[in-house]
Structures are given as C-alpha cells and as structure tokens.
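> For reference, the file my_file.cif (mmCIF, C-alpha atoms) is included below:
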data_run
#
loop_
_atom_site.group_PDB
_atom_site.id
_atom_site.type_symbol
_atom_site.label_atom_id
_atom_site.label_comp_id
_atom_site.auth_asym_id
_atom_site.auth_seq_id
_atom_site.Cartn_x
_atom_site.Cartn_y
_atom_site.Cartn_z
ATOM 1 C CA MET A 1 19.768 -55.531 7.854
ATOM 2 C CA PRO A 2 22.073 -52.885 6.362
ATOM 3 C CA PHE A 3 21.938 -49.107 6.319
ATOM 4 C CA HIS A 4 23.735 -47.750 3.255
ATOM 5 C CA MET A 5 25.182 -44.227 2.988
ATOM 6 C CA ARG A 6 26.156 -43.441 -0.596
ATOM 7 C CA PHE A 7 28.952 -40.912 -1.136
ATOM 8 C CA GLY A 8 29.448 -38.677 -4.139
ATOM 9 C CA ALA A 9 32.646 -36.833 -5.020
ATOM 10 C CA ASP A 10 31.629 -33.758 -3.005
ATOM 11 C CA ASP A 11 30.752 -35.861 0.042
ATOM 12 C CA LEU A 12 34.281 -37.242 0.194
ATOM 13 C CA LEU A 13 35.530 -33.684 0.681
ATOM 14 C CA ARG A 14 32.975 -32.793 3.364
ATOM 15 C CA CYS A 15 33.535 -35.333 6.099
ATOM 16 C CA ARG A 16 34.170 -33.699 9.444
ATOM 17 C CA PHE A 17 34.329 -34.491 13.173
ATOM 18 C CA ALA A 18 32.487 -32.899 16.076
ATOM 19 C CA VAL A 19 31.963 -33.376 19.812
ATOM 20 C CA SER A 20 28.511 -32.701 21.257
ATOM 21 C CA PRO A 21 27.706 -32.157 24.950
ATOM 22 C CA LEU A 22 23.999 -32.369 24.115
ATOM 23 C CA TRP A 23 24.381 -35.745 22.407
ATOM 24 C CA GLU A 24 26.274 -37.056 25.444
ATOM 25 C CA THR A 25 23.459 -35.790 27.674
ATOM 26 C CA GLN A 26 20.820 -37.591 25.624
ATOM 27 C CA GLU A 27 22.854 -40.800 25.598
ATOM 28 C CA ALA A 28 23.595 -40.554 29.327
ATOM 29 C CA VAL A 29 19.828 -40.486 29.907
ATOM 30 C CA ARG A 30 19.427 -43.492 27.611
ATOM 31 C CA THR A 31 22.220 -45.367 29.400
ATOM 32 C CA LEU A 32 20.281 -45.184 32.665
ATOM 33 C CA ARG A 33 17.687 -47.469 31.045
ATOM 34 C CA ARG A 34 20.106 -49.694 29.113
ATOM 35 C CA PRO A 35 21.865 -52.311 31.305
ATOM 36 C CA ASP A 36 23.860 -53.507 28.285
ATOM 37 C CA ARG A 37 25.553 -50.098 28.172
ATOM 38 C CA GLN A 38 26.393 -49.759 31.841
ATOM 39 C CA SER A 39 29.404 -52.008 32.420
ATOM 40 C CA HIS A 40 31.938 -49.295 31.487
ATOM 41 C CA HIS A 41 30.188 -46.628 33.549
ATOM 42 C CA LEU A 42 29.595 -48.163 36.980
ATOM 43 C CA PRO A 43 31.592 -45.512 38.939
ATOM 44 C CA TRP A 44 29.632 -42.786 37.160
ATOM 45 C CA LEU A 45 26.316 -44.556 37.786
ATOM 46 C CA ARG A 46 27.058 -44.826 41.492
ATOM 47 C CA ARG A 47 28.030 -41.172 41.707
ATOM 48 C CA ILE A 48 24.980 -39.765 39.903
ATOM 49 C CA ARG A 49 22.404 -42.151 41.426
ATOM 50 C CA ASP A 50 20.875 -39.571 43.777
ATOM 51 C CA ALA A 51 20.943 -36.797 41.162
ATOM 52 C CA ALA A 52 19.230 -39.043 38.598
ATOM 53 C CA ALA A 53 16.581 -40.061 41.138
ATOM 54 C CA GLY A 54 15.667 -36.389 41.514
ATOM 55 C CA LEU A 55 14.817 -36.045 37.816
ATOM 56 C CA ASP A 56 11.621 -37.116 36.068
ATOM 57 C CA LEU A 57 13.187 -38.521 32.899
ATOM 58 C CA ALA A 58 10.044 -40.368 31.769
ATOM 59 C CA PRO A 59 9.255 -37.898 28.933
ATOM 60 C CA LEU A 60 12.687 -38.475 27.406
ATOM 61 C CA TRP A 61 12.588 -42.231 27.940
ATOM 62 C CA LEU A 62 9.218 -42.341 26.158
ATOM 63 C CA LEU A 63 11.021 -41.009 23.072
ATOM 64 C CA MET A 64 13.849 -43.568 23.273
ATOM 65 C CA PRO A 65 12.341 -46.782 21.904
ATOM 66 C CA ALA A 66 14.250 -50.038 22.234
ATOM 67 C CA ARG A 67 14.374 -50.132 18.433
ATOM 68 C CA GLY A 68 13.388 -47.180 16.345
ATOM 69 C CA HIS A 69 13.556 -43.445 16.021
ATOM 70 C CA THR A 70 14.574 -40.877 18.645
ATOM 71 C CA PRO A 71 13.559 -37.345 17.602
ATOM 72 C CA ASP A 72 16.361 -35.669 15.688
ATOM 73 C CA PHE A 73 15.540 -32.226 17.069
ATOM 74 C CA LEU A 74 16.474 -33.336 20.623
ATOM 75 C CA ALA A 75 20.175 -33.532 19.703
ATOM 76 C CA PRO A 76 20.713 -32.073 16.230
ATOM 77 C CA PRO A 77 24.140 -32.506 14.610
ATOM 78 C CA PRO A 78 26.446 -29.698 15.768
ATOM 79 C CA GLY A 79 27.331 -27.005 13.284
ATOM 80 C CA HIS A 80 30.967 -26.720 14.398
ATOM 81 C CA PRO A 81 33.536 -28.997 16.099
ATOM 82 C CA CYS A 82 32.773 -28.396 19.799
ATOM 83 C CA PRO A 83 29.662 -26.298 20.522
ATOM 84 C CA ARG A 84 28.708 -25.066 23.966
ATOM 85 C CA ILE A 85 25.737 -26.686 25.639
ATOM 86 C CA ASP A 86 23.794 -23.412 25.659
ATOM 87 C CA GLU A 87 24.204 -23.170 21.877
ATOM 88 C CA GLU A 88 22.877 -26.674 21.396
ATOM 89 C CA LEU A 89 19.958 -26.218 23.788
ATOM 90 C CA GLY A 90 19.116 -23.003 21.959
ATOM 91 C CA ARG A 91 18.768 -24.980 18.740
ATOM 92 C CA VAL A 92 16.430 -27.436 20.461
ATOM 93 C CA ARG A 93 14.271 -24.609 21.810
ATOM 94 C CA SER A 94 14.052 -23.028 18.344
ATOM 95 C CA ALA A 95 12.737 -26.219 16.712
ATOM 96 C CA ASP A 96 9.762 -25.667 14.425
ATOM 97 C CA PRO A 97 6.698 -27.091 16.239
ATOM 98 C CA ALA A 98 5.175 -28.611 13.095
ATOM 99 C CA ARG A 99 8.367 -30.416 12.177
ATOM 100 C CA ALA A 100 8.896 -31.390 15.815
ATOM 101 C CA ARG A 101 5.418 -32.946 15.887
ATOM 102 C CA GLU A 102 6.317 -35.141 12.908
ATOM 103 C CA ASP A 103 9.526 -36.147 14.669
ATOM 104 C CA LEU A 104 7.673 -36.919 17.903
ATOM 105 C CA ALA A 105 4.988 -38.940 16.111
ATOM 106 C CA LEU A 106 7.607 -41.054 14.343
ATOM 107 C CA SER A 107 9.334 -41.781 17.632
ATOM 108 C CA LEU A 108 6.155 -42.535 19.590
ATOM 109 C CA ALA A 109 4.985 -44.926 16.875
ATOM 110 C CA ALA A 110 8.037 -47.121 17.561
ATOM 111 C CA THR A 111 6.753 -48.058 21.036
ATOM 112 C CA PRO A 112 3.347 -49.780 21.244
ATOM 113 C CA GLY A 113 0.877 -47.601 23.117
ATOM 114 C CA ALA A 114 3.206 -44.593 23.470
ATOM 115 C CA ALA A 115 1.254 -42.289 21.152
ATOM 116 C CA ALA A 116 -2.026 -43.120 22.909
ATOM 117 C CA SER A 117 -0.628 -42.572 26.402
ATOM 118 C CA ALA A 118 -1.518 -39.391 28.273
ATOM 119 C CA ARG A 119 2.028 -38.066 27.927
ATOM 120 C CA GLY A 120 2.238 -39.009 24.245
ATOM 121 C CA ARG A 121 -1.103 -37.348 23.439
ATOM 122 C CA ALA A 122 -0.026 -34.186 25.262
ATOM 123 C CA MET A 123 3.159 -33.981 23.193
ATOM 124 C CA LEU A 124 1.286 -34.395 19.913
ATOM 125 C CA ASP A 125 -1.534 -32.005 20.891
ATOM 126 C CA ASP A 126 0.857 -29.182 21.848
ATOM 127 C CA PRO A 127 4.260 -29.726 20.185
ATOM 128 C CA ALA A 128 5.461 -26.195 20.989
ATOM 129 C CA ARG A 129 5.008 -26.866 24.697
ATOM 130 C CA ALA A 130 6.591 -30.296 24.298
ATOM 131 C CA VAL A 131 9.676 -28.757 22.679
ATOM 132 C CA LYS A 132 10.071 -26.299 25.576
ATOM 133 C CA GLU A 133 9.550 -28.920 28.274
ATOM 134 C CA LEU A 134 11.899 -31.432 26.654
ATOM 135 C CA ALA A 135 14.595 -28.766 26.222
ATOM 136 C CA ASP A 136 14.222 -27.771 29.878
ATOM 137 C CA LEU A 137 14.486 -31.420 30.927
ATOM 138 C CA LEU A 138 17.598 -31.923 28.805
ATOM 139 C CA GLU A 139 19.165 -28.915 30.507
ATOM 140 C CA LEU A 140 18.413 -30.363 33.932
ATOM 141 C CA ALA A 141 19.869 -33.705 32.839
ATOM 142 C CA TRP A 142 23.012 -31.961 31.601
ATOM 143 C CA ARG A 143 23.510 -30.147 34.921
ATOM 144 C CA ALA A 144 22.945 -33.270 37.020
ATOM 145 C CA LEU A 145 24.429 -36.094 34.952
ATOM 146 C CA VAL A 146 27.075 -34.774 32.562
ATOM 147 C CA GLU A 147 28.340 -31.286 33.413
ATOM 148 C CA PRO A 148 30.335 -32.327 36.525
ATOM 149 C CA ASP A 149 32.364 -34.753 34.393
ATOM 150 C CA TRP A 150 32.351 -32.848 31.112
ATOM 151 C CA PRO A 151 36.050 -31.815 31.191
ATOM 152 C CA ARG A 152 37.020 -35.484 31.509
ATOM 153 C CA LEU A 153 34.542 -36.591 28.836
ATOM 154 C CA ARG A 154 35.517 -33.808 26.444
ATOM 155 C CA ALA A 155 39.220 -34.637 26.825
ATOM 156 C CA LEU A 156 38.578 -38.259 25.875
ATOM 157 C CA LEU A 157 36.337 -37.310 22.944
ATOM 158 C CA GLU A 158 38.831 -34.754 21.609
ATOM 159 C CA ALA A 159 41.633 -37.319 21.914
ATOM 160 C CA ASP A 160 39.535 -39.735 19.867
ATOM 161 C CA VAL A 161 38.985 -37.105 17.171
ATOM 162 C CA ALA A 162 42.730 -36.433 17.035
ATOM 163 C CA PHE A 163 43.497 -40.151 16.702
ATOM 164 C CA HIS A 164 41.016 -40.768 13.899
ATOM 165 C CA THR A 165 41.910 -37.571 12.073
ATOM 166 C CA ARG A 166 45.417 -38.937 11.835
ATOM 167 C CA ARG A 167 44.071 -42.320 10.679
ATOM 168 C CA LEU A 168 42.120 -40.525 7.952
ATOM 169 C CA ALA A 169 45.260 -38.704 6.811
ATOM 170 C CA GLU A 170 47.279 -41.933 6.793
ATOM 171 C CA GLY A 171 44.854 -44.353 5.173
ATOM 172 C CA GLY A 172 41.836 -42.513 3.792
ATOM 173 C CA LEU A 173 38.179 -43.196 4.432
ATOM 174 C CA GLU A 174 38.388 -46.968 4.022
ATOM 175 C CA ARG A 175 40.894 -47.319 6.853
ATOM 176 C CA LEU A 176 39.011 -44.826 8.995
ATOM 177 C CA PHE A 177 35.622 -46.504 8.679
ATOM 178 C CA THR A 178 36.829 -50.075 9.129
ATOM 179 C CA GLU A 179 38.570 -49.096 12.386
ATOM 180 C CA LEU A 180 35.651 -47.146 13.856
ATOM 181 C CA HIS A 181 33.375 -50.114 14.544
ATOM 182 C CA PRO A 182 33.054 -53.802 13.570
ATOM 183 C CA ARG A 183 29.612 -53.188 12.071
ATOM 184 C CA LEU A 184 30.971 -50.730 9.492
ATOM 185 C CA SER A 185 32.232 -51.588 6.020
ATOM 186 C CA TRP A 186 33.284 -49.430 3.079
ATOM 187 C CA ALA A 187 33.177 -50.404 -0.605
ATOM 188 C CA ASP A 188 32.527 -48.583 -3.882
ATOM 189 C CA SER A 189 31.940 -45.245 -2.110
ATOM 190 C CA VAL A 190 29.204 -46.763 0.070
ATOM 191 C CA LEU A 191 29.420 -46.855 3.862
ATOM 192 C CA THR A 192 27.343 -49.730 5.260
ATOM 193 C CA ILE A 193 26.199 -50.068 8.852
ATOM 194 C CA HIS A 194 25.290 -53.717 9.372
ATOM 195 C CA HIS A 195 22.437 -54.770 11.699
ATOM 196 C CA HIS A 196 21.040 -51.232 11.777
ATOM 197 C CA GLY A 197 17.746 -51.586 9.910
ATOM 198 C CA ARG A 198 17.112 -51.478 6.183
ATOM 199 C CA HIS A 199 17.675 -47.965 4.888
ATOM 200 C CA SER A 200 19.586 -46.171 2.155
ATOM 201 C CA ARG A 201 20.565 -42.533 1.811
ATOM 202 C CA ASP A 202 22.445 -40.582 -0.816
ATOM 203 C CA LEU A 203 24.450 -37.928 1.006
ATOM 204 C CA GLY A 204 23.875 -35.518 -1.862
ATOM 205 C CA GLY A 205 26.966 -33.379 -1.354
ATOM 206 C CA SER A 206 26.323 -32.656 2.327
ATOM 207 C CA GLY A 207 29.129 -34.957 3.486
ATOM 208 C CA LEU A 208 29.153 -36.947 6.705
ATOM 209 C CA LEU A 209 29.536 -35.760 10.289
ATOM 210 C CA LEU A 210 31.489 -38.172 12.505
ATOM 211 C CA MET A 211 30.846 -37.957 16.257
ATOM 212 C CA PRO A 212 32.580 -40.031 18.932
ATOM 213 C CA SER A 213 30.438 -40.781 21.967
ATOM 214 C CA VAL A 214 31.231 -41.951 25.474
ATOM 215 C CA PHE A 215 27.768 -43.298 26.249
ATOM 216 C CA CYS A 216 26.687 -44.925 22.964
ATOM 217 C CA TRP A 217 28.843 -48.086 23.400
ATOM 218 C CA PRO A 218 28.328 -50.809 22.168
ATOM 219 C CA ASP A 219 26.198 -49.224 19.436
ATOM 220 C CA VAL A 220 27.092 -47.387 16.287
ATOM 221 C CA VAL A 221 24.357 -44.966 15.238
ATOM 222 C CA GLY A 222 23.708 -43.635 11.759
ATOM 223 C CA GLY A 223 20.958 -41.266 10.885
ATOM 224 C CA PHE A 224 19.498 -37.774 10.937
ATOM 225 C CA GLU A 225 17.145 -37.005 8.131
ATOM 226 C CA GLU A 226 16.894 -33.748 6.200
ATOM 227 C CA PRO A 227 17.401 -30.912 6.961
ATOM 228 C CA TRP A 228 20.144 -32.288 9.228
ATOM 229 C CA GLN A 229 23.552 -33.331 7.979
ATOM 230 C CA PRO A 230 23.936 -37.139 7.803
ATOM 231 C CA THR A 231 25.768 -38.255 10.935
ATOM 232 C CA LEU A 232 27.584 -41.333 12.198
ATOM 233 C CA VAL A 233 27.990 -41.712 15.968
ATOM 234 C CA TYR A 234 30.481 -44.303 17.166
ATOM 235 C CA PRO A 235 31.976 -45.384 20.538
ATOM 236 C CA ALA A 236 35.017 -43.340 21.528
ATOM 237 C CA ARG A 237 38.328 -45.063 22.146
ATOM 238 C CA GLY A 238 39.451 -45.493 25.739
ATOM 239 C CA ILE A 239 36.100 -45.615 27.543
ATOM 240 C CA GLY A 240 37.211 -48.747 29.419
ATOM 241 C CA GLY A 241 39.553 -46.609 31.532
ATOM 242 C CA LEU A 242 37.474 -43.435 31.539
ATOM 243 C CA TRP A 243 36.364 -43.608 35.173
ATOM 244 C CA THR A 244 39.534 -45.236 36.499
ATOM 245 C CA ASP A 245 41.977 -43.239 38.581
ATOM 246 C CA PRO A 246 45.183 -43.163 36.483
ATOM 247 C CA ALA A 247 47.238 -43.321 39.675
ATOM 248 C CA GLY A 248 45.598 -46.657 40.435
ATOM 249 C CA ARG A 249 47.154 -48.121 37.286
ATOM 250 C CA MET A 250 50.577 -46.596 37.938
ATOM 251 C CA PRO A 251 53.351 -49.125 38.680
ATOM 252 C CA ASP A 252 55.072 -48.389 41.988
ATOM 253 C CA ALA A 253 58.472 -48.703 40.333
ATOM 254 C CA LEU A 254 57.491 -45.998 37.836
ATOM 255 C CA ALA A 255 56.481 -43.659 40.665
ATOM 256 C CA ARG A 256 59.827 -44.243 42.397
ATOM 257 C CA LEU A 257 61.700 -43.580 39.156
ATOM 258 C CA LEU A 258 59.878 -40.458 37.948
ATOM 259 C CA GLY A 259 58.063 -39.162 41.008
ATOM 260 C CA ARG A 260 54.324 -39.592 41.514
ATOM 261 C CA GLY A 261 53.272 -36.486 39.567
ATOM 262 C CA ARG A 262 55.198 -37.277 36.382
ATOM 263 C CA ALA A 263 54.367 -40.974 36.662
ATOM 264 C CA ALA A 264 50.646 -40.145 36.947
ATOM 265 C CA VAL A 265 50.813 -37.972 33.832
ATOM 266 C CA LEU A 266 52.614 -40.689 31.875
ATOM 267 C CA ALA A 267 50.173 -43.365 33.060
ATOM 268 C CA ALA A 268 47.179 -41.193 32.105
ATOM 269 C CA LEU A 269 48.313 -40.774 28.497
ATOM 270 C CA GLU A 270 46.738 -43.978 27.194
ATOM 271 C CA GLU A 271 45.247 -41.712 24.523
ATOM 272 C CA PRO A 272 46.621 -38.391 23.231
ATOM 273 C CA ALA A 273 45.522 -35.542 25.497
ATOM 274 C CA THR A 274 45.949 -31.832 26.114
ATOM 275 C CA THR A 275 47.391 -30.155 29.183
ATOM 276 C CA THR A 276 43.943 -28.978 30.258
ATOM 277 C CA GLY A 277 42.367 -32.392 29.739
ATOM 278 C CA LEU A 278 45.037 -34.093 31.823
ATOM 279 C CA ALA A 279 44.758 -31.470 34.550
ATOM 280 C CA HIS A 280 41.002 -32.063 34.872
ATOM 281 C CA ARG A 281 41.423 -35.812 34.852
ATOM 282 C CA LEU A 282 44.221 -35.892 37.423
ATOM 283 C CA GLY A 283 42.957 -33.101 39.640
ATOM 284 C CA LEU A 284 46.205 -31.155 39.248
ATOM 285 C CA ALA A 285 46.918 -27.536 38.411
ATOM 286 C CA PRO A 286 47.477 -26.989 34.663
ATOM 287 C CA SER A 287 50.818 -25.363 35.438
ATOM 288 C CA SER A 288 51.978 -28.512 37.264
ATOM 289 C CA VAL A 289 50.832 -30.770 34.440
ATOM 290 C CA SER A 290 52.564 -28.521 31.906
ATOM 291 C CA ALA A 291 55.845 -28.790 33.829
ATOM 292 C CA HIS A 292 55.545 -32.586 34.022
ATOM 293 C CA LEU A 293 54.774 -32.811 30.294
ATOM 294 C CA SER A 294 57.808 -30.712 29.405
ATOM 295 C CA ALA A 295 60.100 -32.878 31.536
ATOM 296 C CA LEU A 296 58.700 -36.107 30.082
ATOM 297 C CA ARG A 297 59.022 -34.799 26.539
ATOM 298 C CA ASP A 298 62.616 -33.684 27.138
ATOM 299 C CA ALA A 299 63.359 -37.226 28.375
ATOM 300 C CA GLY A 300 62.054 -38.735 25.152
ATOM 301 C CA LEU A 301 58.964 -40.278 26.750
ATOM 302 C CA LEU A 302 56.391 -38.068 25.008
ATOM 303 C CA THR A 303 55.868 -36.303 21.716
ATOM 304 C CA ALA A 304 53.786 -33.181 21.177
ATOM 305 C CA ARG A 305 51.915 -32.090 18.063
ATOM 306 C CA ARG A 306 49.525 -29.281 17.292
ATOM 307 C CA GLN A 307 45.899 -30.115 16.451
ATOM 308 C CA GLY A 308 44.090 -26.910 15.551
ATOM 309 C CA HIS A 309 44.473 -24.533 18.510
ATOM 310 C CA GLN A 310 45.511 -27.306 20.896
ATOM 311 C CA VAL A 311 48.722 -29.227 21.586
ATOM 312 C CA LEU A 312 48.252 -32.983 22.033
ATOM 313 C CA TYR A 313 50.752 -35.112 23.944
ATOM 314 C CA GLU A 314 51.220 -38.841 23.470
ATOM 315 C CA ARG A 315 53.686 -41.455 24.613
ATOM 316 C CA THR A 316 56.657 -42.550 22.532
ATOM 317 C CA PRO A 317 57.493 -46.288 22.337
ATOM 318 C CA LEU A 318 59.887 -45.766 25.277
ATOM 319 C CA GLY A 319 57.124 -44.014 27.228
ATOM 320 C CA ILE A 320 54.696 -46.855 26.475
ATOM 321 C CA ALA A 321 57.219 -49.416 27.701
ATOM 322 C CA LEU A 322 57.877 -47.525 30.938
ATOM 323 C CA ALA A 323 54.162 -46.993 31.634
ATOM 324 C CA ALA A 324 53.615 -50.730 31.227
ATOM 325 C CA GLY A 325 56.110 -51.388 34.001
#
Would you write out, as structure tokens, the structure that this file holds?


Amino acid sequence: MPFHMRFGADDLLRCRFAVSPLWETQEAVRTLRRPDRQSHHLPWLRRIRDAAAGLDLAPLWLLMPARGHTPDFLAPPPGHPCPRIDEELGRVRSADPARAREDLALSLAATPGAAASARGRAMLDDPARAVKELADLLELAWRALVEPDWPRLRALLEADVAFHTRRLAEGGLERLFTELHPRLSWADSVLTIHHHGRHSRDLGGSGLLLMPSVFCWPDVVGGFEEPWQPTLVYPARGIGGLWTDPAGRMPDALARLLGRGRAAVLAALEEPATTTGLAHRLGLAPSSVSAHLSALRDAGLLTARRQGHQVLYERTPLGIALAAG
C-alpha cells in the first residue's frame, strides 16, 4: 500500500539533508532485534555483543513494533544538518508529557498486549517519567553501541549527503528520489513510498527532510507527524563496505606502486570523503592522510571539491581504474 507525500511550490524549495546520531542510535537498537537487517553489520554486532548484553533495551524494543508506529519524540527530525547527540537528547528530554503519552499509546497499540503489559501501563500512567527513562536509555545505548564508531558512520553519512546533493543539482527531485530507493517513485509533485502502509500527507510548505541511515537498510522510512517536519529516511550508500578494512581490499600491486599509505587512502575512497573521515576510518593521523591526498590529487588520481565547510575527495576515472587493480 502506498504512502503519498504531496509537494506544493514552497515544499520544492525547502528540501534539505541532515545526519542524526540519535536516529542512528535508535536504529542500532532496532537492528539488534531485526535479523533481516544484520547481514551488513556482522563485525559491528560481534564487537558490541558484550556492551549490548549489559543494557536493558526492553523498554525501547516495546516501542518498536514489527509493523507500526515508533514514537516520534524518541528521535525527532534534526533542526540543522549535523546536530550533536547532546542537543538531540535534550530535545527528547524536553518532550511535552501529554503529547508524549499520545505518541506512546499509538506505538503500544501496534503490538498486541503491549499497552496492557506492566511496562506499557507504567509508561502511560506516568509519561513524564517515561520520557526521562527512555532518554536516559537512549544515551546509554549511544555510548555503548554507536559512539565508538560514530566518526566512521558520520563520514559515510556525510559522503552520502554530498553524493545526493550533487544528484539533486544535476537532475532535480525526480532523479534524486528514483535513485534513493527502489520503493520510491515521483510523479506530478507527489512522492510515493510503495509498500509502506496507506497514508497521504500534504507537506504544506514545510518541505521534506532527507536523512541517510546506516542501520535502516533494507527499509525506507517516511513519516513524522505534526509538529515535526515530514522526513524520509533511506539507506546510505556504501554500507556494504562500512565495516571492512580498506587495506584488506587493496591490491598488492597497488601497494607496491604507491606505497601502502597512499594505496590505502585510494582504496578507501569508494565514496567521497573528507580528510578527517578517512583518518578515522584508516586509523591514521589527519596530517598523514592530508599528505597522501595531496600527492594522489597531484598525480591525477583524485579530485577535491568544497561542500559547505568541508573538502570532499573522490577518485577520478584513472584513480578508479588503479584501485580496481
């Protein structure tokens, strides 16, 4: 069944991208209970197994029905492109208890027996306490499951935003939406998410927030009711190689030709990335990565372009050919 988002003239001018550490935390928690999501994240799952076992995630899992609503206030759409986790958790903690109760009730109703369970009744009887406890649990989940890998995750998410921003500039919204996910289609100023439940929403001039996600694959998620900005969450590009050591994919001949440091940088640039992102991913000093990037660019293997306050590097056709061996 389709979910239709209807755009007006003002909405076309108010589409924007953002990256959310809180959303990734929520979806990391969900991924622990979703075997269909786990194939791309096995190294991560092995690494965080003990940390996850030390958390009581049952209250969050109760609000993550197999099909249905997860409370919007647990991961509200970010107000700017890359908020800090403390900013986002602050918004959760400031949620209005009455509105949060409505959100909780809608979510609990999607799972038979959840609202009548002891934990469900406690949430509905004291929503202010539930908001505090859920925010505290999300913070613990962030520290244990996501924060250690956040530089790597953020680099991939920011590279995805850069890629699709360029697609938007080159081909407009139709090209952007049709490339984001197979379940999306665009026609007559209506974005349709297929197999997402029957729903329709006029954006009403608020525009659409687009958020790449590491942990939402294979899903595409559309939603957030008023007062939140309508949001589309889609799987980020490149998650198949997210947890792979770039050096493990580096041809030996390339290492002999360029040296292991420069070859590792070239091999890691499957998606556009910044100096800092590459340094975190490769475990190298930013100064070393910067020197390698300059040498590779001077050799015609990379290009560099500014995206906001950052410089993104990507391989030229010659660089792609060399990295492929």

> Could you give me the axis-aligned bounding box of range 251-264 of chain A, with 4 Å of padding per side, as centre plus edge lengths in Å to one decimal, as JSON?


{"center_x": 56.2, "center_y": -42.8, "center_z": 39.4, "size_x": 19.1, "size_y": 20.6, "size_z": 14.0}

> I'd like to know which of A:Met1, A:Leu296, A:Ala155, A:Ala267 is closest to Ala279 in chain A, using all atoms listed in the file.

A:Ala155

> If we count all atoms listed in the file and set the cut-off at 12 Å, which residues sit around range 11-16 of chain A, ignoring sequence neighbours fewer than 2 positions away in its own chain? Please answer as a ChimeraX atom specification.

/A:5-9,18-19,77-82,161-162,164-165,168,172-174,176-177,189-191,202-212,229-232

> Can you measure CA of Glu314 in chain A to CA of Arg84 in chain A for me? One decimal in Å is fine.

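Taking CA of Glu314 in chain A and CA of Arg84 in chain A, their separation equals 26.4 Å.
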
> Tell me, as a list in words, which residues lie within 9 Å of Glu147 in chain A, counting only C-alpha atoms; anything in the same chain fewer than 4 positions away does not count.

Pro21, Thr25, Ala141, Trp142, Arg143 and Pro151 of chain A

> Mind checking which residues fall within 10 Å of His280 in chain A, counting only C-alpha atoms, ignoring those fewer than 6 positions away in the same chain, and posting them as number ranges by chain?

A: 149-153, 155, 286, 289

> Could you state which residues are captured by the PyMOL selection byres ((chain A and resi 99) around 12) in this file, as a list in words?

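Written out, the selection comes to Pro71, Asp72, Phe73, Val92, Ser94, Ala95, Asp96, Pro97, Ala98, Ala100, Arg101, Glu102, Asp103, Leu104, Ala105, Leu106, Leu124, Pro127, Ala128, Val131, Glu225, Glu226 and Pro227 of chain A.
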
> With a distance cut-off of 8 Å and all atoms listed in the file, select the neighbouring residues of range 219-223 of chain A, excluding the residue or stretch itself and same-chain residues fewer than 4 positions from it, and output the selection as a list in words.

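Counting only the stated atoms, we get Phe3, His181, Arg183, Ile193, His196, Pro230, Thr231, Leu232, Val233, Tyr234 and Pro235 of chain A.
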
> Counting only C-alpha atoms, which residues come within 10 Å of (34.8, -45.2, 38.4), with the point read in the file's coordinates, and could you list them as a PyMOL selection string?

chain A and resi 40-47+240-245
